[in-house]
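Q: Sharing a structure, written as structure tokens. Questions coming.
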Amino acid sequence: MPYLVRENLFIGNIRDAAEVLQNGSAEITHILSVLSSVSISFFTEWRSGVIIPTKEIKKVRVGDEWRSCLATNKVLYSLEHAGKELKLVRMAVPIRDMESEDLLDYLDVCLDFIQKTRKKGAVLVHCFAGVSRSAAIITAYLMKTEQLSLEDALESLRQSCESVGPNDGFLEQLKMFEEMGFKVDHASPIYKRFHLKALGEFYNRGEKIDSSKFGADPGAPTKVPSNEEASPIGGEKGIPSYHCKKCHRVVALQENVVDHVPGEGETSFTWSKQKSGNPFNKSDESECSSIFVEPLKWMTAVEEGMLEGKLSCADCEARLGYFNWSGIQCSCGSWITPAFQLHESRVDVGTV
Ligand SMILES: [Zn+2]
Ligand SMILES: [Zn+2]
């Protein structure tokens with residue numbers, strides 16, 4: 001039996017979902033399936049003899065313009081009428097129960113669905129065992145709608161259903177969700193680090209990384225801002241940016257920078273100089289002789305698939321830095337992996 005979590009919100013496993021889909025339910029009107037495949041045939045493969053009629057409403061794929069960690073054209077979700085007399089509406093998202101699986105990029109569509117359907121009827125969120133994936137989604141939902149910390153949301157969910165336990169990778173992502181203010185903020189440094197790590201994993205698995213996963217080129221001709229002086233918003237000084245020292249082309253904006261804590265990292269050797277967490281040692285930041293950025297569309301060398309290489313200015317070809325998928329050590333001692341590095345001596349700081 002599904003467990004009631006909140007009014008009109010249930011959590012369950014595949015057996016609960018199959019039961020509702022086959023026989024209908026007095027209460028449940030909507031189902032959110034979180035399984036490795038969005039296809040209804042997952043149920044038949046799970047137990048032969050389970051036949052569930054469906055009628056597709058729509059299938060939404062990951063777009064090019066949406067710079068998530070998901071591969072372009074992968075199914076984001078499917079929506080269909082399903083079950084007895086096609087009375088239920090089922091949304092399905094393809095998430096595997098693995099620590100490395102991207103949960104964050106599905107949260108918006110899942111939480112939206114839950115929120116909307118709870119107003120019309122009751123929704124069952126289910127995965128295979130009703131332990132990790134469905135619990136992770138509902139935990140995020142409780143965090144967002146009730147402004148609860150990860151720990152409090154999980155504790156609250158456990159009062160309805162004792163056995164829940166999202167996997168460690170999901171817990172880590174839910175913590176990021178909390179730190180981003182209960183939203184998936186693609187501009188946040190937290191998301192950028194997550195995105196970079198995901199790209200590194202793509203690379204290690206031998207997948208081709210195309211530039212649709214890269215940040216926009218701030219120096220692209222179409223993006224040249226016209227008369228910034230005329231900006232009507234008082235006091236705005238423009239966006240901090242980095243320029244090629246030789247030709248002054250914009251190569252990165254402040255928002256492209258992936259921050260690191262100076263002297264921290266997997267194999268940092270600066271422990272004798274600075275212990276992490278000491279707020280009075282900020283001056284050590286000046287020891288970084290590089291800035292690290294997310295991969296940007298002008299970095300064509302990265303698309304060639306090499307493990308490492310030079311980063312050269314797209315206009316004058318001056319050498320600006322280096323990239324290495326397996327990491328580069330900053331002069332402060334921190335390892336940044338993967339690393340897209342601009343040498344401070346090769347770029348100027350300015351505004352656009
Ligand atoms: Zn550094
Ligand atoms: Zn240049």
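Chain labels follow the order of the structure tokens: the first chain is A, the next B, and so on; residue numbering restarts at 1 in every chain, and ligands are counted from 1 in their shown order.
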Residues within 7 Å of ligand 1 (only C-alpha atoms and all ligand atoms), as a PyMOL selection string?

A: chain A and resi 260-263+285+287-290+330-334

Q: Please, could you write that set of residues out with C-alpha atoms as a CSV table (one decimal), in the first residue's frame?

A:
```csv
chain,number,residue,atom,x,y,z
A,260,HIS,CA,37.9,27.1,-5.4
A,261,VAL,CA,39.1,27.5,-1.8
A,262,PRO,CA,42.8,28.3,-2.0
A,263,GLY,CA,45.0,25.6,-0.6
A,285,GLU,CA,43.8,34.0,-2.2
A,287,GLU,CA,48.5,33.2,-4.2
A,288,CYS,CA,46.3,31.8,-7.0
A,289,SER,CA,48.0,32.7,-10.3
A,290,SER,CA,45.2,31.3,-12.4
A,330,CYS,CA,46.6,25.8,-8.9
A,331,SER,CA,49.6,27.7,-7.5
A,332,CYS,CA,47.8,27.8,-4.2
A,333,GLY,CA,47.9,24.0,-4.0
A,334,SER,CA,44.3,23.2,-4.8
```

Q: Once DSSP has gone over the backbone, tell me which residues of region 5-67 of chain A are in strand (DSSP E), as a VMD selection string.

A: chain A and resid 5 to 6 9 to 12 28 to 35 54 to 61

Q: Please dump the current selection as a short mmCIF file (atom, residue, chain, number, x, y, z; two decimals), in the first residue's frame; keep C-alpha atoms.

A:
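Wrote it out as out-v4.cif, contents follow:
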```
data_model
loop_
_atom_site.label_atom_id
_atom_site.label_comp_id
_atom_site.auth_asym_id
_atom_site.auth_seq_id
_atom_site.Cartn_x
_atom_site.Cartn_y
_atom_site.Cartn_z
CA VAL A 5 3.01 11.72 3.11
CA ARG A 6 0.87 14.84 2.94
CA LEU A 9 0.65 13.01 -1.80
CA PHE A 10 1.64 9.36 -1.59
CA ILE A 11 4.92 7.45 -1.84
CA GLY A 12 5.15 3.87 -3.01
CA ILE A 28 -5.02 8.58 -6.66
CA THR A 29 -5.50 10.43 -9.94
CA HIS A 30 -1.88 11.02 -10.97
CA ILE A 31 1.28 8.95 -10.94
CA LEU A 32 4.87 10.09 -11.08
CA SER A 33 7.03 7.14 -12.15
CA VAL A 34 10.73 7.43 -11.38
CA LEU A 35 12.21 4.38 -13.10
CA THR A 54 -1.70 4.22 -22.31
CA LYS A 55 -2.26 7.14 -24.62
CA GLU A 56 0.61 9.55 -25.06
CA ILE A 57 0.08 13.20 -24.24
CA LYS A 58 3.64 14.33 -24.90
CA LYS A 59 7.27 13.42 -24.62
CA VAL A 60 9.73 16.17 -23.83
CA ARG A 61 13.42 15.89 -24.65
#
```

Q: Need to verify the contact set: Val75 (chain A), 10 Å, only C-alpha atoms, exclusion of same-chain residues closer than 4 positions in sequence. Can you return it as a list of chain:residue names?

A: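 Answer for this query is A:Ser37, A:Val38, A:Lys59, A:Val60, A:Arg61, A:Val62, A:Gly63, A:Leu70, A:Ala71, A:Ala92, A:Val93, A:Pro94.
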
Q: So that I can see what lies close to Ile190 (chain A), please list as a PyMOL selection string the residues with an atom at most 8 Å from it, counting only C-alpha atoms and leaving out residues fewer than 6 positions away in the same chain.

A: chain A and resi 176+179-180

Q: May I ask you to write as a ChimeraX atom specification all residues lying at most 12 Å from ligand 2, with only C-alpha atoms and all ligand atoms counted?

A: /A:219,242-251,298,311-321,346-348

Q: CA of Met306 (chain A) to CA of Phe214 (chain A): how many Å, to one decimal?

A: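 CA of Met306 (chain A) sits 15.8 Å away from CA of Phe214 (chain A).
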
Q: At a cut-off of 12 Å, using only C-alpha atoms, what residues contact Gly206 (chain A)? Leave out same-chain residues fewer than 2 positions from it and give the result as a VMD selection string.

A: chain A and resid 199 to 204 208 to 209 305 to 307 325

Q: Under the rule that only C-alpha atoms are counted, which of A:Glu308, A:Asp185, A:Asp217, A:Glu7 is the nearest residue to Asp105 (chain A)?

A: A:Asp185

Q: Measure the distance from CA of Val258 (chain A) to CA of Leu76 (chain A) in Å and round it to one decimal.

A: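 Calculated distance between CA of Val258 (chain A) and CA of Leu76 (chain A) is 26.7 Å.
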
Q: Taking only C-alpha atoms into account, which of A:Ser345, A:Leu86, A:Phe170, A:Leu4 comes nearest Ser156 (chain A)?

A: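 Using only C-alpha atoms, Ser156 (chain A) sits closest to A:Leu4.
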